[in-house]
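A.B. asks: Contents of query.cif (mmCIF, C-alpha atoms) are below:
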data_target
#
loop_
_atom_site.label_atom_id
_atom_site.label_comp_id
_atom_site.auth_asym_id
_atom_site.auth_seq_id
_atom_site.Cartn_x
_atom_site.Cartn_y
_atom_site.Cartn_z
CA MET A 199 19.95 -52.38 19.48
CA GLY A 200 16.28 -51.63 20.22
CA ARG A 201 14.81 -51.54 23.69
CA ILE A 202 12.46 -54.24 24.96
CA GLN A 203 8.75 -53.58 24.48
CA PHE A 204 5.90 -53.56 26.99
CA THR A 205 3.52 -56.34 25.88
CA HIS A 206 0.47 -55.86 28.12
CA THR A 207 -2.54 -54.35 26.36
CA TYR A 208 -4.77 -51.45 27.32
CA GLU A 209 -7.64 -53.93 27.78
CA GLU A 210 -5.61 -55.91 30.36
CA ILE A 211 -4.83 -52.76 32.36
CA ILE A 212 -8.44 -51.50 32.47
CA SER A 213 -10.02 -54.93 33.00
CA VAL A 214 -12.41 -55.34 35.94
CA GLU A 215 -10.12 -58.11 37.25
CA ASN A 216 -7.08 -55.81 37.31
CA LEU A 217 -9.08 -52.98 38.89
CA LEU A 218 -10.31 -55.35 41.65
CA GLU A 219 -6.78 -56.59 42.36
CA ALA A 220 -5.57 -52.98 42.39
CA TRP A 221 -8.28 -52.14 44.93
CA LYS A 222 -7.04 -54.88 47.28
CA GLU A 223 -3.54 -53.41 47.13
CA PHE A 224 -4.69 -49.81 47.36
CA LYS A 225 -6.83 -50.23 50.48
CA ARG A 226 -4.09 -51.88 52.59
CA GLY A 227 -3.51 -49.69 55.62
CA LYS A 228 -6.28 -47.30 54.53
CA ALA A 229 -9.40 -49.30 55.50
CA LYS A 230 -10.33 -46.88 58.31
CA LYS A 231 -10.18 -43.77 56.15
CA GLU A 232 -13.61 -42.27 55.50
CA GLU A 233 -13.09 -41.74 51.75
CA VAL A 234 -11.98 -45.36 51.33
CA GLN A 235 -14.95 -46.66 53.33
CA ARG A 236 -17.37 -44.62 51.18
CA PHE A 237 -15.86 -46.08 48.00
CA GLN A 238 -15.97 -49.61 49.47
CA LEU A 239 -19.72 -49.33 50.24
CA ARG A 240 -20.50 -49.23 46.50
CA LEU A 241 -17.32 -50.90 45.28
CA MET A 242 -18.61 -52.81 42.25
CA GLU A 243 -20.66 -49.84 41.11
CA HIS A 244 -17.58 -47.59 41.26
CA ILE A 245 -15.31 -50.13 39.58
CA LEU A 246 -17.73 -50.86 36.76
CA ALA A 247 -18.25 -47.12 36.17
CA LEU A 248 -14.47 -46.56 36.06
CA HIS A 249 -14.05 -49.53 33.71
CA ARG A 250 -16.78 -48.17 31.44
CA ASP A 251 -15.21 -44.71 31.27
CA LEU A 252 -11.81 -46.23 30.48
CA ARG A 253 -13.27 -48.59 27.85
CA ASN A 254 -15.17 -45.73 26.19
CA ARG A 255 -12.12 -43.43 26.38
CA THR A 256 -14.17 -40.87 28.36
CA TYR A 257 -12.10 -41.08 31.58
CA THR A 258 -10.72 -37.76 32.85
CA HIS A 259 -8.45 -37.45 35.87
CA GLY A 260 -9.94 -35.41 38.71
CA PRO A 261 -8.43 -32.49 40.68
CA TYR A 262 -5.93 -32.78 43.52
CA LYS A 263 -6.12 -31.92 47.19
CA HIS A 264 -3.01 -29.96 48.20
CA PHE A 265 -1.29 -30.00 51.59
CA ARG A 266 2.23 -29.52 52.96
CA ILE A 267 4.39 -31.84 55.03
CA THR A 268 7.85 -31.51 56.57
CA ASP A 269 9.97 -34.50 55.56
CA PRO A 270 12.43 -33.08 56.75
CA LYS A 271 12.13 -30.01 54.52
CA PRO A 272 8.71 -28.61 53.53
CA ARG A 273 7.16 -30.54 50.63
CA ASP A 274 4.01 -29.92 48.63
CA ILE A 275 1.85 -33.05 48.39
CA HIS A 276 -0.97 -33.28 45.85
CA LYS A 277 -3.41 -36.08 46.64
CA ALA A 278 -5.81 -37.45 44.02
CA ASN A 279 -9.26 -38.80 44.87
CA VAL A 280 -9.81 -42.51 45.58
CA ARG A 281 -11.08 -43.30 42.07
CA ASP A 282 -7.98 -41.84 40.41
CA ARG A 283 -5.61 -43.43 42.92
CA LEU A 284 -7.21 -46.81 42.22
CA LEU A 285 -6.38 -46.34 38.53
CA HIS A 286 -2.79 -45.39 39.44
CA HIS A 287 -2.50 -48.73 41.25
CA ALA A 288 -4.02 -50.62 38.30
CA LEU A 289 -1.43 -49.09 35.95
CA TYR A 290 1.40 -49.62 38.42
CA ARG A 291 0.55 -53.35 38.79
CA LYS A 292 1.28 -53.90 35.09
CA LEU A 293 3.94 -51.27 34.40
CA TYR A 294 6.24 -51.70 37.41
CA PRO A 295 7.35 -55.34 36.83
CA PHE A 296 8.23 -54.51 33.22
CA PHE A 297 10.10 -51.25 33.84
CA ASP A 298 11.89 -52.55 36.93
CA ARG A 299 13.73 -54.98 34.63
CA THR A 300 15.05 -52.04 32.59
CA PHE A 301 16.55 -50.23 35.62
CA ILE A 302 20.17 -50.57 36.73
CA ALA A 303 20.91 -52.58 39.88
CA ASP A 304 22.13 -49.52 41.77
CA SER A 305 18.97 -47.40 41.55
CA PHE A 306 17.34 -47.85 44.96
CA SER A 307 14.34 -45.53 45.38
CA CYS A 308 10.73 -46.83 45.19
CA ARG A 309 11.69 -50.35 44.16
CA LEU A 310 10.83 -53.71 45.71
CA LYS A 311 13.60 -55.23 47.85
CA LYS A 312 15.52 -51.95 47.64
CA GLY A 313 15.53 -48.89 49.92
CA THR A 314 17.76 -46.63 51.96
CA HIS A 315 19.41 -49.43 53.95
CA SER A 316 20.25 -51.38 50.80
CA ALA A 317 21.65 -48.20 49.23
CA MET A 318 23.80 -47.49 52.30
CA ASN A 319 25.14 -51.05 52.34
CA ARG A 320 25.96 -50.76 48.65
CA PHE A 321 27.79 -47.50 49.37
CA ARG A 322 29.87 -49.27 52.02
CA ALA A 323 30.72 -52.12 49.62
CA PHE A 324 31.64 -49.69 46.84
CA ALA A 325 33.81 -47.66 49.24
CA TYR A 326 35.79 -50.80 50.11
CA GLN A 327 36.22 -51.72 46.45
CA ALA A 328 37.09 -48.24 45.16
CA SER A 329 39.64 -47.64 47.94
CA LYS A 330 41.08 -51.17 47.73
CA ASN A 331 39.96 -51.98 51.28
CA HIS A 332 40.75 -48.43 52.42
CA THR A 333 44.41 -48.67 51.50
CA GLN A 334 44.07 -45.86 48.91
CA THR A 335 42.45 -42.44 49.02
CA CYS A 336 38.94 -42.57 47.59
CA PHE A 337 36.81 -39.58 46.59
CA ALA A 338 33.02 -39.31 46.40
CA LEU A 339 31.08 -36.97 44.11
CA LYS A 340 27.76 -36.25 45.82
CA CYS A 341 24.96 -34.39 43.97
CA ASP A 342 21.24 -33.86 44.01
CA ILE A 343 18.81 -32.51 41.43
CA ARG A 344 17.14 -29.14 41.93
CA LYS A 345 13.34 -29.26 42.38
CA PHE A 346 13.28 -32.69 40.82
CA PHE A 347 9.55 -33.58 40.76
CA ALA A 348 8.53 -30.04 39.79
CA ASN A 349 10.82 -30.04 36.73
CA ILE A 350 10.01 -33.37 35.07
CA ASP A 351 9.32 -32.33 31.47
CA HIS A 352 6.12 -33.94 30.15
CA GLU A 353 7.20 -33.95 26.50
CA ILE A 354 10.49 -35.69 27.29
CA LEU A 355 8.74 -38.15 29.61
CA PHE A 356 6.28 -39.14 26.85
CA SER A 357 9.12 -39.51 24.33
CA ILE A 358 10.81 -41.97 26.73
CA LEU A 359 7.59 -43.88 27.44
CA SER A 360 6.82 -44.20 23.72
CA ILE A 361 10.13 -46.00 23.17
CA TYR A 362 8.94 -48.83 25.43
CA ILE A 363 5.14 -48.78 25.07
CA PRO A 364 3.75 -49.44 21.57
CA ASP A 365 0.05 -49.31 22.64
CA THR A 366 -1.15 -45.77 21.95
CA SER A 367 -4.19 -46.21 24.23
CA ILE A 368 -1.89 -46.85 27.21
CA LEU A 369 0.20 -43.83 26.25
CA MET A 370 -2.91 -41.64 26.03
CA LEU A 371 -4.07 -42.84 29.47
CA LEU A 372 -0.65 -42.02 30.95
CA LYS A 373 -0.81 -38.63 29.23
CA ASN A 374 -4.24 -38.04 30.83
CA ILE A 375 -2.77 -38.72 34.28
CA VAL A 376 0.50 -36.82 33.81
CA GLU A 377 -1.17 -33.73 32.31
CA SER A 378 -3.69 -33.60 35.16
CA PHE A 379 -0.95 -31.80 37.09
CA THR A 380 1.56 -29.02 36.44
CA SER A 381 3.95 -27.43 38.91
CA GLY A 382 3.36 -23.90 37.66
CA LYS A 383 5.66 -24.37 34.69
CA THR A 384 4.03 -25.18 31.36
CA GLU A 385 3.92 -28.95 30.80
CA ALA A 386 6.26 -29.84 33.64
CA GLY A 387 6.04 -31.48 37.03
CA LEU A 388 4.67 -34.63 38.65
CA PRO A 389 2.70 -34.70 41.92
CA LEU A 390 4.55 -36.15 44.91
CA GLY A 391 1.38 -37.89 46.12
CA ASN A 392 0.83 -40.23 43.13
CA LEU A 393 2.03 -43.85 43.17
CA SER A 394 2.41 -43.54 39.39
CA SER A 395 4.78 -40.59 39.89
CA GLN A 396 7.23 -42.78 41.81
CA LEU A 397 7.53 -45.10 38.83
CA LEU A 398 7.54 -42.35 36.20
CA VAL A 399 10.43 -40.45 37.82
CA ASN A 400 12.49 -43.66 37.87
CA ILE A 401 11.70 -44.20 34.17
CA TYR A 402 12.74 -40.60 33.50
CA LEU A 403 16.00 -40.84 35.44
CA ASN A 404 16.79 -44.29 34.06
CA GLU A 405 17.98 -42.35 31.00
CA PHE A 406 20.54 -40.67 33.24
CA ASP A 407 21.47 -43.94 35.00
CA GLN A 408 22.16 -45.61 31.64
CA PHE A 409 24.23 -42.61 30.53
CA VAL A 410 26.38 -42.77 33.67
CA LYS A 411 26.90 -46.53 33.50
CA HIS A 412 27.29 -47.09 29.75
CA ARG A 413 28.48 -43.79 28.27
CA LEU A 414 30.61 -42.48 31.13
CA LYS A 415 31.58 -46.06 32.13
CA VAL A 416 31.20 -45.32 35.84
CA LYS A 417 31.58 -48.44 37.97
CA TYR A 418 30.75 -47.07 41.43
CA TYR A 419 27.47 -45.17 41.07
CA ILE A 420 24.40 -45.21 43.36
CA ARG A 421 21.17 -43.26 42.97
CA TYR A 422 18.34 -42.86 45.46
CA ALA A 423 15.56 -40.64 44.02
CA ASP A 424 17.25 -37.30 43.21
CA ASP A 425 20.38 -37.99 45.30
CA PHE A 426 23.32 -39.75 43.70
CA VAL A 427 26.93 -40.50 44.49
CA ILE A 428 29.92 -41.59 42.38
CA LEU A 429 33.11 -43.00 43.89
CA SER A 430 36.58 -42.87 42.34
CA HIS A 431 40.20 -42.87 43.43
CA GLY A 432 40.78 -39.86 41.13
CA LYS A 433 39.42 -36.43 42.08
CA SER A 434 40.18 -34.97 38.63
CA ARG A 435 38.09 -37.72 37.00
CA LEU A 436 35.10 -36.79 39.17
CA GLU A 437 35.57 -33.12 38.25
CA ARG A 438 35.41 -34.11 34.56
CA ILE A 439 32.41 -36.38 35.12
CA VAL A 440 30.35 -33.68 36.81
CA ARG A 441 30.73 -31.46 33.73
CA TYR A 442 29.33 -34.22 31.49
CA ILE A 443 26.51 -34.79 33.98
CA VAL A 444 25.51 -31.12 33.99
CA LEU A 445 25.35 -31.09 30.17
CA PHE A 446 23.37 -34.34 29.92
CA MET A 447 20.90 -33.28 32.59
CA ARG A 448 20.32 -29.92 30.90
CA GLU A 449 20.19 -31.05 27.26
CA ARG A 450 18.48 -34.45 27.54
CA LEU A 451 16.24 -34.10 30.61
CA ARG A 452 15.94 -30.32 31.15
CA LEU A 453 17.04 -30.75 34.75
CA GLU A 454 19.66 -28.87 36.77
CA LEU A 455 21.90 -29.99 39.61
CA HIS A 456 21.43 -28.17 42.90
CA GLN A 457 24.58 -26.03 42.73
CA GLY A 458 24.79 -25.68 46.50
CA LYS A 459 24.80 -29.46 46.89
CA VAL A 460 27.56 -30.64 44.58
CA PHE A 461 30.47 -31.91 46.69
CA ILE A 462 33.65 -33.90 46.19
CA HIS A 463 34.98 -35.28 49.49
CA THR A 464 37.31 -38.06 50.54
CA ILE A 465 35.56 -40.93 52.27
CA ALA A 466 38.04 -40.50 55.14
CA SER A 467 36.60 -37.00 55.78
CA GLY A 468 33.00 -38.28 55.72
CA VAL A 469 30.37 -38.40 52.95
CA ASP A 470 26.85 -37.19 53.74
CA PHE A 471 24.42 -39.55 52.00
CA LEU A 472 20.84 -40.57 52.88
CA GLY A 473 20.79 -39.04 56.34
CA TRP A 474 24.08 -40.56 57.48
CA VAL A 475 27.70 -39.41 57.30
CA HIS A 476 29.76 -42.33 55.96
CA PHE A 477 33.36 -42.95 57.02
CA PRO A 478 35.69 -45.82 56.02
CA ASN A 479 34.70 -48.15 58.88
CA HIS A 480 31.54 -46.64 60.36
CA ARG A 481 28.68 -44.21 59.76
CA VAL A 482 27.05 -41.71 62.08
CA LEU A 483 23.67 -40.05 61.93
CA ARG A 484 23.69 -36.63 60.27
CA THR A 485 23.47 -33.86 62.91
CA SER A 486 20.29 -32.38 61.40
CA THR A 487 18.65 -35.84 61.36
CA LYS A 488 19.62 -36.36 64.99
CA LYS A 489 18.18 -32.99 66.06
CA ARG A 490 14.97 -33.66 64.15
CA MET A 491 14.65 -37.08 65.75
CA PHE A 492 14.89 -35.78 69.32
CA ARG A 493 12.65 -32.81 68.54
CA ARG A 494 9.96 -35.16 67.26
CA LEU A 495 10.30 -37.43 70.31
CA GLN A 496 9.95 -34.40 72.55
CA GLU A 497 7.00 -32.83 70.74
CA ALA A 498 5.00 -36.03 70.15
CA PRO A 499 6.40 -38.80 72.34
CA SER A 500 5.18 -42.28 71.46
CA GLU A 501 6.56 -45.79 71.84
CA GLU A 502 5.91 -46.51 68.16
CA VAL A 503 8.03 -43.55 67.02
CA ALA A 504 10.76 -44.47 69.53
CA ILE A 505 10.88 -48.06 68.20
CA SER A 506 11.17 -46.82 64.60
CA TYR A 507 14.13 -44.58 65.55
CA LEU A 508 15.80 -47.45 67.43
CA GLY A 509 15.52 -49.46 64.21
CA LEU A 510 17.01 -46.60 62.20
CA LEU A 511 19.95 -46.25 64.60
CA SER A 512 20.75 -49.97 64.37
CA HIS A 513 22.09 -49.35 60.86
CA GLY A 514 25.06 -47.30 62.04
CA ASN A 515 27.08 -46.22 65.07
CA GLY A 516 24.08 -45.19 67.13
CA ALA A 517 24.56 -47.06 70.43
CA LEU A 518 24.71 -43.90 72.57
CA LEU A 519 21.66 -42.41 70.86
CA GLN A 520 19.79 -45.71 71.28
CA LYS A 521 20.64 -45.63 74.99
CA ARG A 522 19.25 -42.08 75.33
CA ILE A 523 15.99 -43.10 73.66
CA ARG A 524 15.62 -46.26 75.78
CA GLU A 525 16.24 -44.30 78.97
CA SER A 526 13.42 -41.92 77.99
CA TYR A 527 10.97 -44.83 77.72
CA SER A 528 12.19 -47.06 80.58
#
Take the structure I supplied and represent it as structure tokens, if you would.

C.D. replies:
Amino acid sequence: MGRIQFTHTYEEIISVENLLEAWKEFKRGKAKKEEVQRFQLRLMEHILALHRDLRNRTYTHGPYKHFRITDPKPRDIHKANVRDRLLHHALYRKLYPFFDRTFIADSFSCRLKKGTHSAMNRFRAFAYQASKNHTQTCFALKCDIRKFFANIDHEILFSILSIYIPDTSILMLLKNIVESFTSGKTEAGLPLGNLSSQLLVNIYLNEFDQFVKHRLKVKYYIRYADDFVILSHGKSRLERIVRYIVLFMRERLRLELHQGKVFIHTIASGVDFLGWVHFPNHRVLRTSTKKRMFRRLQEAPSEEVAISYLGLLSHGNGALLQKRIRESYS
């Protein structure tokens, strides 16, 4: 059975109307930034020039500004200029609603009405189901993918996109954007700073999600970005599954699991997933997350940061930690 096809045209994506709507979405929360204000001063001139370049097929993606953040581990961010980021938003507006329909329900990263809290709640529900309300031992296979963004293979990505997108002009525009960046490897890597990258990595890993659900017939599977977990009452089944996963990742997607981060644990002993350690009837903040939280509050104390951490702690057994934070700001 063939896959559904993307029906929007290149002309719809590059239309002045779509670029203007994309601008409204792009500038939210960025209105005070100098580069955004400069673009806004001559908005129609910039948009018409971008539209003309896209219509004439003379558009070329610009260079990136590189900087590093700690989130919590060091990450390389590559930020495009405002003009290119506006185009990313214009593409995203049309591509995301289509591709989101192709994703499995239990992929949670960079999707509307999904997120870490939804993923954690789904984990809790799956743990109850797989363990028959915690009356049976349940195991969790926890993995993540090594240098995920840096190893996205451009050729494989385009082969996946071409299955869904029949319009060659759209494919060439996506190729222009994707090939504007490499991670040091030939024809591999997507920049962490691009909105389009968030969608493209989900399209790429949707191949893996479909393999796990439909070929391996895994019922209890959750993925958030490059972290994923599979629950089962049989440890030997998970040991078999991980071998199939390694082969599929390597042969189909040219990706490798992070060998130091492949674990099979019972839920009773605690499963580390998305910053929390999950137990049968509660979850506690991971020790490294807790230390980072208090270090940040100490180094740059602010009520806004404190409120965000109080919100985070409300999703698990964090009453004592919440009390410590409140006492600091009382």

A.B. asks: To one decimal in Å, tell me the separation between CA of Ser357 (chain A) and CA of Ala317 (chain A).

C.D. replies: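 CA of Ala317 (chain A) lies 29.2 Å from CA of Ser357 (chain A).
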
A.B. asks: What is the CA of Tyr326 (chain A)-CA of His412 (chain A) distance in Å, reported with one decimal?

C.D. replies: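 Taking CA of Tyr326 (chain A) as the start and CA of His412 (chain A) as the end point, the length is 22.4 Å.
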
A.B. asks: Report, in Å with one decimal, the straight-line distance from CA of Tyr290 (chain A) to CA of Ser394 (chain A).

C.D. replies: 6.2 Å

A.B. asks: Apply the PyMOL selection byres ((chain A and resi 345) around 9) to the structure shown and report the selected residues as JSON, numbers by chain.

C.D. replies: {"A": [343, 344, 346, 347, 348, 349, 424, 453, 454, 456]}

A.B. asks: To verify the selection step, state as a list in words which residues the PyMOL selection byres ((chain A and resi 216-220) around 9) yields on this input.

C.D. replies: Glu210, Ile211, Ile212, Ser213, Val214, Glu215, Trp221, Lys222, Glu223, Phe224, Lys225, Met242, Ile245, Leu248, His249, Leu284, Leu285, His286, His287, Ala288, Leu289, Tyr290, Arg291 and Lys292 of chain A

A.B. asks: Here is a test: counting all atoms listed in the file, which residue of A:His480, A:His276, A:Arg435, A:Arg421 is nearest to Thr380 (chain A)?

C.D. replies: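 Smallest distance to Thr380 (chain A) is found for A:His276.
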
A.B. asks: Considering all atoms listed in the file, state which residue in the set A:Val410, A:Leu246, A:Val376, A:Leu483 is at the smallest distance from Leu388 (chain A).

C.D. replies: A:Val376

A.B. asks: Output as a tab-separated table (two decimals), in the frame of the given file: region 230-241 of chain A, completed with all heavy atoms.

C.D. replies:
chain	number	residue	atom	x	y	z
A	230	LYS	N	-9.58	-47.71	57.35
A	230	LYS	CA	-10.33	-46.88	58.31
A	230	LYS	C	-10.57	-45.46	57.81
A	230	LYS	O	-11.30	-44.70	58.44
A	230	LYS	CB	-9.58	-46.84	59.65
A	230	LYS	CG	-9.55	-48.19	60.36
A	230	LYS	CD	-8.85	-48.10	61.70
A	230	LYS	CE	-8.83	-49.47	62.39
A	230	LYS	NZ	-8.11	-49.41	63.69
A	231	LYS	N	-10.00	-45.12	56.67
A	231	LYS	CA	-10.18	-43.77	56.15
A	231	LYS	C	-11.58	-43.61	55.56
A	231	LYS	O	-12.06	-44.49	54.84
A	231	LYS	CB	-9.12	-43.46	55.09
A	231	LYS	CG	-7.71	-43.37	55.68
A	231	LYS	CD	-6.72	-42.94	54.63
A	231	LYS	CE	-5.31	-42.84	55.20
A	231	LYS	NZ	-5.17	-41.76	56.16
A	232	GLU	N	-12.21	-42.49	55.88
A	232	GLU	CA	-13.61	-42.27	55.50
A	232	GLU	C	-13.82	-42.36	53.98
A	232	GLU	O	-14.77	-42.98	53.51
A	232	GLU	CB	-14.09	-40.90	56.01
A	232	GLU	CG	-15.56	-40.64	55.79
A	232	GLU	CD	-15.98	-39.25	56.23
A	232	GLU	OE1	-15.22	-38.61	56.98
A	232	GLU	OE2	-17.07	-38.82	55.81
A	233	GLU	N	-12.93	-41.74	53.20
A	233	GLU	CA	-13.09	-41.74	51.75
A	233	GLU	C	-12.98	-43.15	51.17
A	233	GLU	O	-13.68	-43.50	50.20
A	233	GLU	CB	-12.07	-40.81	51.10
A	233	GLU	CG	-10.62	-41.18	51.41
A	233	GLU	CD	-9.60	-40.22	50.85
A	233	GLU	OE1	-9.98	-39.35	50.05
A	233	GLU	OE2	-8.41	-40.36	51.20
A	234	VAL	N	-12.14	-43.98	51.78
A	234	VAL	CA	-11.98	-45.36	51.33
A	234	VAL	C	-13.22	-46.18	51.70
A	234	VAL	O	-13.71	-46.99	50.91
A	234	VAL	CB	-10.70	-45.98	51.93
A	234	VAL	CG1	-10.57	-47.46	51.57
A	234	VAL	CG2	-9.46	-45.21	51.44
A	235	GLN	N	-13.73	-45.95	52.90
A	235	GLN	CA	-14.95	-46.66	53.33
A	235	GLN	C	-16.15	-46.31	52.45
A	235	GLN	O	-16.95	-47.19	52.11
A	235	GLN	CB	-15.25	-46.33	54.79
A	235	GLN	CG	-14.25	-46.96	55.75
A	235	GLN	CD	-14.51	-46.57	57.21
A	235	GLN	OE1	-15.24	-45.62	57.48
A	235	GLN	NE2	-13.92	-47.31	58.13
A	236	ARG	N	-16.27	-45.03	52.05
A	236	ARG	CA	-17.37	-44.62	51.18
A	236	ARG	C	-17.27	-45.32	49.82
A	236	ARG	O	-18.27	-45.76	49.26
A	236	ARG	CB	-17.35	-43.09	50.97
A	236	ARG	CG	-17.94	-42.31	52.13
A	236	ARG	CD	-18.38	-40.91	51.69
A	236	ARG	NE	-17.33	-40.20	50.98
A	236	ARG	CZ	-16.43	-39.41	51.56
A	236	ARG	NH1	-16.46	-39.22	52.87
A	236	ARG	NH2	-15.51	-38.79	50.84
A	237	PHE	N	-16.07	-45.42	49.29
A	237	PHE	CA	-15.86	-46.08	48.00
A	237	PHE	C	-16.17	-47.58	48.11
A	237	PHE	O	-16.80	-48.16	47.23
A	237	PHE	CB	-14.41	-45.88	47.54
A	237	PHE	CG	-14.17	-46.11	46.08
A	237	PHE	CD1	-14.24	-45.07	45.17
A	237	PHE	CD2	-13.85	-47.38	45.60
A	237	PHE	CE1	-14.02	-45.27	43.80
A	237	PHE	CE2	-13.63	-47.60	44.25
A	237	PHE	CZ	-13.71	-46.54	43.35
A	238	GLN	N	-15.76	-48.18	49.24
A	238	GLN	CA	-15.97	-49.61	49.47
A	238	GLN	C	-17.46	-49.97	49.55
A	238	GLN	O	-17.87	-51.05	49.11
A	238	GLN	CB	-15.27	-50.03	50.78
A	238	GLN	CG	-15.46	-51.48	51.18
A	238	GLN	CD	-14.57	-52.42	50.39
A	238	GLN	OE1	-13.36	-52.25	50.34
A	238	GLN	NE2	-15.17	-53.41	49.75
A	239	LEU	N	-18.28	-49.06	50.08
A	239	LEU	CA	-19.72	-49.33	50.24
A	239	LEU	C	-20.39	-49.63	48.90
A	239	LEU	O	-21.33	-50.42	48.84
A	239	LEU	CB	-20.41	-48.13	50.91
A	239	LEU	CG	-20.28	-48.03	52.42
A	239	LEU	CD1	-20.85	-46.71	52.92
A	239	LEU	CD2	-20.97	-49.20	53.11
A	240	ARG	N	-19.92	-49.01	47.84
A	240	ARG	CA	-20.50	-49.23	46.50
A	240	ARG	C	-19.38	-49.62	45.53
A	240	ARG	O	-19.26	-49.09	44.43
A	240	ARG	CB	-21.22	-47.97	46.03
A	240	ARG	CG	-22.42	-47.59	46.91
A	240	ARG	CD	-22.84	-46.13	46.73
A	240	ARG	NE	-23.22	-45.82	45.37
A	240	ARG	CZ	-23.38	-44.57	44.91
A	240	ARG	NH1	-23.19	-43.53	45.72
A	240	ARG	NH2	-23.73	-44.36	43.67
A	241	LEU	N	-18.56	-50.57	45.99
A	241	LEU	CA	-17.32	-50.90	45.28
A	241	LEU	C	-17.56	-51.32	43.84
A	241	LEU	O	-16.96	-50.76	42.92
A	241	LEU	CB	-16.57	-52.01	46.04
A	241	LEU	CG	-15.25	-52.46	45.39
A	241	LEU	CD1	-14.27	-51.30	45.31
A	241	LEU	CD2	-14.64	-53.63	46.16
